[in-house]
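Shown here: input35.txt, compact mmCIF, N, CA and C atoms and all ligand atoms.
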```txt
# COMPACT_ATOMS: atom_id res chain seq x y z
N MET Y 728 15.32 28.85 -17.87
CA MET Y 728 14.39 29.62 -17.05
C MET Y 728 13.90 28.74 -15.90
N LEU Y 729 13.81 29.38 -14.73
CA LEU Y 729 13.33 28.63 -13.56
C LEU Y 729 11.86 28.93 -13.30
N PHE Y 730 11.14 27.89 -12.91
CA PHE Y 730 9.72 28.03 -12.56
C PHE Y 730 9.45 27.27 -11.28
N HIS Y 731 8.69 27.91 -10.40
CA HIS Y 731 8.13 27.21 -9.26
C HIS Y 731 6.75 26.71 -9.67
N VAL Y 732 6.51 25.44 -9.41
CA VAL Y 732 5.22 24.84 -9.79
C VAL Y 732 4.61 24.15 -8.58
N ARG Y 733 3.37 24.47 -8.30
CA ARG Y 733 2.62 23.74 -7.29
C ARG Y 733 1.64 22.80 -8.00
N MET Y 734 1.68 21.54 -7.63
CA MET Y 734 0.76 20.55 -8.20
C MET Y 734 -0.08 19.97 -7.08
N ASP Y 735 -1.39 20.10 -7.22
CA ASP Y 735 -2.34 19.47 -6.28
C ASP Y 735 -2.99 18.31 -7.01
N VAL Y 736 -2.91 17.14 -6.43
CA VAL Y 736 -3.41 15.94 -7.08
C VAL Y 736 -4.82 15.64 -6.57
N ARG Y 737 -5.74 15.41 -7.52
CA ARG Y 737 -7.14 15.13 -7.18
C ARG Y 737 -7.60 13.89 -7.95
N ILE Y 738 -7.18 12.74 -7.51
CA ILE Y 738 -7.60 11.51 -8.18
C ILE Y 738 -9.03 11.18 -7.75
N PRO Y 739 -9.93 10.99 -8.73
CA PRO Y 739 -11.32 10.71 -8.37
C PRO Y 739 -11.43 9.43 -7.52
N ARG Y 740 -12.28 9.48 -6.52
CA ARG Y 740 -12.42 8.33 -5.61
C ARG Y 740 -12.91 7.09 -6.34
N ASP Y 741 -13.65 7.30 -7.45
CA ASP Y 741 -14.20 6.13 -8.15
C ASP Y 741 -13.29 5.61 -9.26
N LEU Y 742 -12.07 6.13 -9.35
CA LEU Y 742 -11.14 5.59 -10.36
C LEU Y 742 -10.70 4.20 -9.88
N PRO Y 743 -10.83 3.18 -10.74
CA PRO Y 743 -10.43 1.82 -10.31
C PRO Y 743 -8.98 1.80 -9.82
N ALA Y 744 -8.74 1.02 -8.76
CA ALA Y 744 -7.43 1.01 -8.10
C ALA Y 744 -6.31 0.61 -9.05
N ASP Y 745 -6.58 -0.35 -9.93
CA ASP Y 745 -5.51 -0.79 -10.84
C ASP Y 745 -5.17 0.31 -11.85
N GLU Y 746 -6.18 1.06 -12.28
CA GLU Y 746 -5.94 2.17 -13.21
C GLU Y 746 -5.13 3.28 -12.52
N ALA Y 747 -5.50 3.58 -11.28
CA ALA Y 747 -4.77 4.60 -10.51
C ALA Y 747 -3.32 4.17 -10.32
N ALA Y 748 -3.10 2.90 -9.98
CA ALA Y 748 -1.74 2.40 -9.74
C ALA Y 748 -0.90 2.50 -11.01
N GLU Y 749 -1.51 2.20 -12.14
CA GLU Y 749 -0.78 2.25 -13.42
C GLU Y 749 -0.40 3.70 -13.76
N ILE Y 750 -1.30 4.64 -13.55
CA ILE Y 750 -1.01 6.06 -13.82
C ILE Y 750 0.08 6.56 -12.87
N LEU Y 751 0.00 6.17 -11.60
CA LEU Y 751 1.01 6.62 -10.63
C LEU Y 751 2.39 6.06 -10.96
N ALA Y 752 2.44 4.83 -11.45
CA ALA Y 752 3.74 4.25 -11.83
C ALA Y 752 4.33 5.01 -13.01
N ARG Y 753 3.47 5.35 -13.99
CA ARG Y 753 3.96 6.12 -15.15
C ARG Y 753 4.39 7.52 -14.72
N GLU Y 754 3.63 8.10 -13.80
CA GLU Y 754 3.97 9.44 -13.30
C GLU Y 754 5.35 9.44 -12.63
N LYS Y 755 5.59 8.43 -11.80
CA LYS Y 755 6.87 8.36 -11.10
C LYS Y 755 8.03 8.23 -12.10
N ALA Y 756 7.88 7.34 -13.10
CA ALA Y 756 8.93 7.15 -14.09
C ALA Y 756 9.19 8.43 -14.88
N TYR Y 757 8.11 9.11 -15.28
CA TYR Y 757 8.21 10.36 -16.05
C TYR Y 757 8.93 11.42 -15.23
N SER Y 758 8.52 11.54 -13.96
CA SER Y 758 9.13 12.54 -13.08
C SER Y 758 10.61 12.24 -12.86
N GLN Y 759 10.92 10.98 -12.61
CA GLN Y 759 12.32 10.64 -12.30
C GLN Y 759 13.23 10.80 -13.52
N GLU Y 760 12.67 10.55 -14.71
CA GLU Y 760 13.45 10.77 -15.93
C GLU Y 760 13.77 12.26 -16.09
N LEU Y 761 12.78 13.10 -15.85
CA LEU Y 761 13.00 14.55 -15.96
C LEU Y 761 13.93 15.06 -14.85
N GLN Y 762 13.84 14.48 -13.67
CA GLN Y 762 14.78 14.86 -12.60
C GLN Y 762 16.21 14.48 -13.00
N ALA Y 763 16.37 13.29 -13.55
CA ALA Y 763 17.72 12.85 -13.97
C ALA Y 763 18.27 13.76 -15.06
N SER Y 764 17.39 14.30 -15.90
CA SER Y 764 17.84 15.18 -17.00
C SER Y 764 18.22 16.57 -16.50
N GLY Y 765 17.80 16.90 -15.26
CA GLY Y 765 18.06 18.24 -14.71
C GLY Y 765 16.95 19.24 -14.96
N LYS Y 766 15.95 18.86 -15.78
CA LYS Y 766 14.86 19.81 -16.06
C LYS Y 766 13.90 19.95 -14.88
N TRP Y 767 13.72 18.88 -14.12
CA TRP Y 767 12.87 18.92 -12.91
C TRP Y 767 13.85 18.92 -11.75
N ARG Y 768 14.22 20.12 -11.32
CA ARG Y 768 15.37 20.26 -10.43
C ARG Y 768 15.09 19.82 -8.99
N HIS Y 769 13.88 20.12 -8.51
CA HIS Y 769 13.53 19.75 -7.13
C HIS Y 769 12.07 19.35 -7.07
N ILE Y 770 11.76 18.49 -6.12
CA ILE Y 770 10.35 18.19 -5.80
C ILE Y 770 10.26 17.92 -4.30
N TRP Y 771 9.27 18.57 -3.69
CA TRP Y 771 9.00 18.37 -2.26
C TRP Y 771 7.52 18.05 -2.07
N ARG Y 772 7.22 17.17 -1.17
CA ARG Y 772 5.85 16.92 -0.73
C ARG Y 772 5.46 18.04 0.24
N LEU Y 773 4.23 18.51 0.16
CA LEU Y 773 3.70 19.48 1.14
C LEU Y 773 3.09 18.69 2.28
N ALA Y 774 3.59 18.92 3.47
CA ALA Y 774 3.16 18.14 4.62
C ALA Y 774 1.64 18.19 4.78
N GLY Y 775 1.05 17.02 4.89
CA GLY Y 775 -0.39 16.93 5.13
C GLY Y 775 -1.26 17.15 3.91
N GLU Y 776 -0.65 17.26 2.71
CA GLU Y 776 -1.44 17.50 1.49
C GLU Y 776 -0.99 16.54 0.39
N TYR Y 777 -1.87 16.18 -0.51
CA TYR Y 777 -1.47 15.42 -1.69
C TYR Y 777 -1.10 16.45 -2.75
N ALA Y 778 0.07 17.04 -2.53
CA ALA Y 778 0.54 18.15 -3.38
C ALA Y 778 2.05 18.21 -3.31
N ASN Y 779 2.63 18.84 -4.31
CA ASN Y 779 4.09 19.06 -4.26
C ASN Y 779 4.43 20.46 -4.70
N PHE Y 780 5.59 20.92 -4.24
CA PHE Y 780 6.26 22.10 -4.77
C PHE Y 780 7.43 21.59 -5.59
N SER Y 781 7.53 22.05 -6.81
CA SER Y 781 8.62 21.63 -7.67
C SER Y 781 9.30 22.85 -8.28
N ILE Y 782 10.58 22.66 -8.63
CA ILE Y 782 11.33 23.67 -9.38
C ILE Y 782 11.74 23.05 -10.71
N PHE Y 783 11.36 23.73 -11.79
CA PHE Y 783 11.75 23.29 -13.13
C PHE Y 783 12.78 24.25 -13.71
N ASP Y 784 13.73 23.70 -14.42
CA ASP Y 784 14.76 24.49 -15.10
C ASP Y 784 14.68 24.12 -16.59
N VAL Y 785 13.95 24.95 -17.33
CA VAL Y 785 13.63 24.61 -18.72
C VAL Y 785 13.98 25.80 -19.64
N ARG Y 786 13.94 25.52 -20.94
CA ARG Y 786 14.32 26.52 -21.94
C ARG Y 786 13.38 27.72 -21.93
N ASP Y 787 12.08 27.44 -21.88
CA ASP Y 787 11.11 28.54 -22.00
C ASP Y 787 9.72 28.06 -21.55
N ASN Y 788 8.74 28.96 -21.63
CA ASN Y 788 7.37 28.64 -21.22
C ASN Y 788 6.81 27.44 -21.99
N THR Y 789 7.16 27.39 -23.25
CA THR Y 789 6.64 26.30 -24.09
C THR Y 789 7.13 24.95 -23.61
N GLU Y 790 8.42 24.87 -23.28
CA GLU Y 790 8.94 23.58 -22.81
C GLU Y 790 8.28 23.19 -21.48
N LEU Y 791 8.11 24.17 -20.59
CA LEU Y 791 7.44 23.85 -19.33
C LEU Y 791 6.02 23.34 -19.59
N HIS Y 792 5.31 24.04 -20.48
CA HIS Y 792 3.93 23.64 -20.80
C HIS Y 792 3.90 22.20 -21.33
N GLU Y 793 4.82 21.88 -22.23
CA GLU Y 793 4.83 20.53 -22.81
C GLU Y 793 5.10 19.47 -21.74
N ILE Y 794 6.02 19.80 -20.83
CA ILE Y 794 6.31 18.85 -19.74
C ILE Y 794 5.07 18.65 -18.86
N LEU Y 795 4.42 19.76 -18.52
CA LEU Y 795 3.28 19.66 -17.58
C LEU Y 795 2.09 18.93 -18.22
N VAL Y 796 1.80 19.24 -19.49
CA VAL Y 796 0.65 18.56 -20.11
C VAL Y 796 0.97 17.08 -20.37
N GLY Y 797 2.27 16.74 -20.36
CA GLY Y 797 2.66 15.34 -20.55
C GLY Y 797 2.62 14.52 -19.26
N LEU Y 798 2.37 15.15 -18.13
CA LEU Y 798 2.30 14.40 -16.86
C LEU Y 798 1.16 13.39 -16.94
N PRO Y 799 1.43 12.12 -16.66
CA PRO Y 799 0.34 11.14 -16.68
C PRO Y 799 -0.82 11.52 -15.75
N LEU Y 800 -0.53 12.26 -14.69
CA LEU Y 800 -1.59 12.69 -13.76
C LEU Y 800 -2.20 14.04 -14.15
N PHE Y 801 -1.79 14.59 -15.31
CA PHE Y 801 -2.18 15.96 -15.63
C PHE Y 801 -3.69 16.21 -15.49
N LYS Y 802 -4.49 15.28 -15.99
CA LYS Y 802 -5.95 15.52 -15.95
C LYS Y 802 -6.52 15.44 -14.54
N PHE Y 803 -5.69 14.98 -13.59
CA PHE Y 803 -6.15 14.90 -12.20
C PHE Y 803 -5.42 15.91 -11.32
N MET Y 804 -4.87 16.94 -11.94
CA MET Y 804 -4.09 17.92 -11.16
C MET Y 804 -4.63 19.33 -11.33
N GLU Y 805 -4.44 20.12 -10.27
CA GLU Y 805 -4.52 21.57 -10.39
C GLU Y 805 -3.08 22.06 -10.30
N ILE Y 806 -2.70 22.92 -11.24
CA ILE Y 806 -1.30 23.33 -11.33
C ILE Y 806 -1.21 24.85 -11.31
N GLN Y 807 -0.30 25.34 -10.48
CA GLN Y 807 -0.02 26.79 -10.43
C GLN Y 807 1.45 27.00 -10.75
N VAL Y 808 1.72 27.91 -11.69
CA VAL Y 808 3.09 28.15 -12.14
C VAL Y 808 3.51 29.58 -11.77
N THR Y 809 4.71 29.70 -11.22
CA THR Y 809 5.28 31.01 -10.92
C THR Y 809 6.68 31.10 -11.53
N PRO Y 810 6.89 32.02 -12.48
CA PRO Y 810 8.24 32.20 -13.04
C PRO Y 810 9.17 32.80 -11.97
N LEU Y 811 10.41 32.35 -11.96
CA LEU Y 811 11.39 32.83 -10.97
C LEU Y 811 12.56 33.49 -11.67
N LEU Y 812 13.13 34.48 -11.02
CA LEU Y 812 14.39 35.03 -11.51
C LEU Y 812 15.31 35.27 -10.33
N ARG Y 813 16.56 35.41 -10.65
CA ARG Y 813 17.57 35.54 -9.62
C ARG Y 813 17.31 36.79 -8.77
N HIS Y 814 17.41 36.62 -7.45
CA HIS Y 814 17.26 37.76 -6.55
C HIS Y 814 18.60 38.51 -6.50
N PRO Y 815 18.57 39.84 -6.55
CA PRO Y 815 19.84 40.60 -6.57
C PRO Y 815 20.69 40.40 -5.31
N SER Y 816 20.09 39.97 -4.21
CA SER Y 816 20.86 39.75 -2.98
C SER Y 816 21.32 38.31 -2.81
N SER Y 817 20.97 37.46 -3.75
CA SER Y 817 21.32 36.05 -3.60
C SER Y 817 22.83 35.85 -3.61
N ILE Y 818 23.29 34.95 -2.75
CA ILE Y 818 24.72 34.59 -2.76
C ILE Y 818 24.92 33.19 -3.33
N ARG Y 819 23.81 32.56 -3.77
CA ARG Y 819 23.92 31.20 -4.30
C ARG Y 819 24.31 31.23 -5.78
N GLU Y 820 25.04 30.19 -6.17
CA GLU Y 820 25.46 30.11 -7.57
C GLU Y 820 24.44 29.38 -8.45
N ASP Y 821 23.53 28.64 -7.83
CA ASP Y 821 22.71 27.72 -8.61
C ASP Y 821 21.23 28.13 -8.65
N ASP Y 822 20.93 29.40 -8.43
CA ASP Y 822 19.52 29.77 -8.42
C ASP Y 822 19.14 30.66 -9.61
N SER Y 823 19.81 30.49 -10.68
CA SER Y 823 19.37 31.15 -11.92
C SER Y 823 19.64 30.22 -13.09
O1 LIG Y 901 2.78 12.82 -5.98
C1 LIG Y 901 2.75 13.95 -6.55
O2 LIG Y 901 3.05 14.99 -5.97
C2 LIG Y 901 2.34 14.03 -8.00
C3 LIG Y 901 3.36 13.60 -8.95
C4 LIG Y 901 4.53 14.43 -9.19
C5 LIG Y 901 5.59 13.62 -9.33
C6 LIG Y 901 5.21 12.33 -9.04
O3 LIG Y 901 5.91 11.30 -9.04
O4 LIG Y 901 3.90 12.31 -8.68
```
Translate this file's structure into structure tokens.
Amino acid sequence: MLFHVRMDVRIPRDLPADEAAEILAREKAYSQELQASGKWRHIWRLAGEYANFSIFDVRDNTELHEILVGLPLFKFMEIQVTPLLRHPSSIREDDS
């Protein structure tokens, strides 16, 4: 199942810099591992925002939920999820 996910990152200004750096390093490793697995299919930065648009390709809602709650930055994020399905006019082979 494909999902579009918007993640807005809100790291508190008073979080110590070393703690923030450690969380961001774990976040990057976690994200890149999931990208390599194919479950996190795309990620884009939103210009001018500390946010991303991502596409996940996962088994079901439960797997997506487990991935999202496992994000090291999860407690500092606002997340919006939109389930996607193939458009009947699509000519692409890889969008379902
Ligand atoms: O920077 C972000 O958009 C938040 C987060 C998502 C993946 C990652 O490496 O960081």
For a quick check of understanding, using only N, CA and C atoms and all ligand atoms, which of Y:Glu790, Y:Asp741, Y:Asp821, Y:Glu776 has the smallest distance to ligand LIG 901 (chain Y)?
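Looking at the shortest contact to ligand LIG 901 (chain Y), the residue is Y:Glu776.
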Calculate how many Å separate CA of Asp822 (chain Y) from CA of Val796 (chain Y), rounding to one decimal.
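The value is 24.9 Å.
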Can you work out which residues are within 6 Å of ligand LIG 901 (chain Y), considering only C-alpha atoms and all ligand atoms, and then hand them over as a ChimeraX atom specification?
/Y:754-755,758,778-779
Residue contacts of Ile782 (chain Y) (12 Å, only C-alpha atoms) excluding same-chain residues fewer than 5 positions away, as a PyMOL selection string:
chain Y and resi 728-734+758+761-762+765-771+791+807-812+822-823
Any chance you can output those residues with N, CA and C atoms as a PDB file, keeping the file's coordinate frame?
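Output file again.pdb is given in full below:
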```
ATOM      1  N   MET Y 728      15.320  28.850 -17.870  1.00  0.00           N
ATOM      2  CA  MET Y 728      14.390  29.620 -17.050  1.00  0.00           C
ATOM      3  C   MET Y 728      13.900  28.740 -15.900  1.00  0.00           C
ATOM      4  N   LEU Y 729      13.810  29.380 -14.730  1.00  0.00           N
ATOM      5  CA  LEU Y 729      13.330  28.630 -13.560  1.00  0.00           C
ATOM      6  C   LEU Y 729      11.860  28.930 -13.300  1.00  0.00           C
ATOM      7  N   PHE Y 730      11.140  27.890 -12.910  1.00  0.00           N
ATOM      8  CA  PHE Y 730       9.720  28.030 -12.560  1.00  0.00           C
ATOM      9  C   PHE Y 730       9.450  27.270 -11.280  1.00  0.00           C
ATOM     10  N   HIS Y 731       8.690  27.910 -10.400  1.00  0.00           N
ATOM     11  CA  HIS Y 731       8.130  27.210  -9.260  1.00  0.00           C
ATOM     12  C   HIS Y 731       6.750  26.710  -9.670  1.00  0.00           C
ATOM     13  N   VAL Y 732       6.510  25.440  -9.410  1.00  0.00           N
ATOM     14  CA  VAL Y 732       5.220  24.840  -9.790  1.00  0.00           C
ATOM     15  C   VAL Y 732       4.610  24.150  -8.580  1.00  0.00           C
ATOM     16  N   ARG Y 733       3.370  24.470  -8.300  1.00  0.00           N
ATOM     17  CA  ARG Y 733       2.620  23.740  -7.290  1.00  0.00           C
ATOM     18  C   ARG Y 733       1.640  22.800  -8.000  1.00  0.00           C
ATOM     19  N   MET Y 734       1.680  21.540  -7.630  1.00  0.00           N
ATOM     20  CA  MET Y 734       0.760  20.550  -8.200  1.00  0.00           C
ATOM     21  C   MET Y 734      -0.080  19.970  -7.080  1.00  0.00           C
ATOM     22  N   SER Y 758       8.520  11.540 -13.960  1.00  0.00           N
ATOM     23  CA  SER Y 758       9.130  12.540 -13.080  1.00  0.00           C
ATOM     24  C   SER Y 758      10.610  12.240 -12.860  1.00  0.00           C
ATOM     25  N   LEU Y 761      12.780  13.100 -15.850  1.00  0.00           N
ATOM     26  CA  LEU Y 761      13.000  14.550 -15.960  1.00  0.00           C
ATOM     27  C   LEU Y 761      13.930  15.060 -14.850  1.00  0.00           C
ATOM     28  N   GLN Y 762      13.840  14.480 -13.670  1.00  0.00           N
ATOM     29  CA  GLN Y 762      14.780  14.860 -12.600  1.00  0.00           C
ATOM     30  C   GLN Y 762      16.210  14.480 -13.000  1.00  0.00           C
ATOM     31  N   GLY Y 765      17.800  16.900 -15.260  1.00  0.00           N
ATOM     32  CA  GLY Y 765      18.060  18.240 -14.710  1.00  0.00           C
ATOM     33  C   GLY Y 765      16.950  19.240 -14.960  1.00  0.00           C
ATOM     34  N   LYS Y 766      15.950  18.860 -15.780  1.00  0.00           N
ATOM     35  CA  LYS Y 766      14.860  19.810 -16.060  1.00  0.00           C
ATOM     36  C   LYS Y 766      13.900  19.950 -14.880  1.00  0.00           C
ATOM     37  N   TRP Y 767      13.720  18.880 -14.120  1.00  0.00           N
ATOM     38  CA  TRP Y 767      12.870  18.920 -12.910  1.00  0.00           C
ATOM     39  C   TRP Y 767      13.850  18.920 -11.750  1.00  0.00           C
ATOM     40  N   ARG Y 768      14.220  20.120 -11.320  1.00  0.00           N
ATOM     41  CA  ARG Y 768      15.370  20.260 -10.430  1.00  0.00           C
ATOM     42  C   ARG Y 768      15.090  19.820  -8.990  1.00  0.00           C
ATOM     43  N   HIS Y 769      13.880  20.120  -8.510  1.00  0.00           N
ATOM     44  CA  HIS Y 769      13.530  19.750  -7.130  1.00  0.00           C
ATOM     45  C   HIS Y 769      12.070  19.350  -7.070  1.00  0.00           C
ATOM     46  N   ILE Y 770      11.760  18.490  -6.120  1.00  0.00           N
ATOM     47  CA  ILE Y 770      10.350  18.190  -5.800  1.00  0.00           C
ATOM     48  C   ILE Y 770      10.260  17.920  -4.300  1.00  0.00           C
ATOM     49  N   TRP Y 771       9.270  18.570  -3.690  1.00  0.00           N
ATOM     50  CA  TRP Y 771       9.000  18.370  -2.260  1.00  0.00           C
ATOM     51  C   TRP Y 771       7.520  18.050  -2.070  1.00  0.00           C
ATOM     52  N   LEU Y 791       8.110  24.170 -20.590  1.00  0.00           N
ATOM     53  CA  LEU Y 791       7.440  23.850 -19.330  1.00  0.00           C
ATOM     54  C   LEU Y 791       6.020  23.340 -19.590  1.00  0.00           C
ATOM     55  N   GLN Y 807      -0.300  25.340 -10.480  1.00  0.00           N
ATOM     56  CA  GLN Y 807      -0.020  26.790 -10.430  1.00  0.00           C
ATOM     57  C   GLN Y 807       1.450  27.000 -10.750  1.00  0.00           C
ATOM     58  N   VAL Y 808       1.720  27.910 -11.690  1.00  0.00           N
ATOM     59  CA  VAL Y 808       3.090  28.150 -12.140  1.00  0.00           C
ATOM     60  C   VAL Y 808       3.510  29.580 -11.770  1.00  0.00           C
ATOM     61  N   THR Y 809       4.710  29.700 -11.220  1.00  0.00           N
ATOM     62  CA  THR Y 809       5.280  31.010 -10.920  1.00  0.00           C
ATOM     63  C   THR Y 809       6.680  31.100 -11.530  1.00  0.00           C
ATOM     64  N   PRO Y 810       6.890  32.020 -12.480  1.00  0.00           N
ATOM     65  CA  PRO Y 810       8.240  32.200 -13.040  1.00  0.00           C
ATOM     66  C   PRO Y 810       9.170  32.800 -11.970  1.00  0.00           C
ATOM     67  N   LEU Y 811      10.410  32.350 -11.960  1.00  0.00           N
ATOM     68  CA  LEU Y 811      11.390  32.830 -10.970  1.00  0.00           C
ATOM     69  C   LEU Y 811      12.560  33.490 -11.670  1.00  0.00           C
ATOM     70  N   LEU Y 812      13.130  34.480 -11.020  1.00  0.00           N
ATOM     71  CA  LEU Y 812      14.390  35.030 -11.510  1.00  0.00           C
ATOM     72  C   LEU Y 812      15.310  35.270 -10.330  1.00  0.00           C
ATOM     73  N   ASP Y 822      20.930  29.400  -8.430  1.00  0.00           N
ATOM     74  CA  ASP Y 822      19.520  29.770  -8.420  1.00  0.00           C
ATOM     75  C   ASP Y 822      19.140  30.660  -9.610  1.00  0.00           C
ATOM     76  N   SER Y 823      19.810  30.490 -10.680  1.00  0.00           N
ATOM     77  CA  SER Y 823      19.370  31.150 -11.920  1.00  0.00           C
ATOM     78  C   SER Y 823      19.640  30.220 -13.090  1.00  0.00           C
TER      79      SER Y 823
END
```
Using the chain letters and numbers from this document, which residues of chain Y does DSSP assign to strand (DSSP E or B), as a ChimeraX atom specification?
/Y:729-736,767-772,778-784,804-811
Excluding same-chain residues fewer than 5 positions from Glu805 (chain Y), what lies within 8 Å of it counting only C-alpha atoms, as a PyMOL selection string?
chain Y and resi 734-737
As a PyMOL selection string, which residues of chain Y does DSSP assign to helix (DSSP H, G or I)?
chain Y and resi 744-764+788-796+801-803
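Going from atom N of Pro799 (chain Y) to CA of Ser781 (chain Y) covers 14.9 Å.
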Which residues, written as a PyMOL selection string, have at least one atom at most 8 Å from Tyr757 (chain Y), with all atoms listed in the file counted and residues fewer than 5 positions away on the same chain left out?
chain Y and resi 751-752+762-763+797-799
For atom C of His792 (chain Y) and CA of Met804 (chain Y), the interatomic separation in Å (one decimal):
13.6 Å
Nearest residue to Ile806 (chain Y) out of Y:Phe780, Y:Arg819, Y:Ile750, Y:Asn788, using only C-alpha atoms?
Y:Phe780
Would you place a box with edges along x, y and z of the file around all atoms of region 763-779 of chain Y listed there, add 3 Å to each of its six sides, and report the centre and edge lengths in Å to one decimal, as JSON?
```
{"center_x": 8.2, "center_y": 16.7, "center_z": -5.9, "size_x": 26.1, "size_y": 13.6, "size_z": 28.1}
```
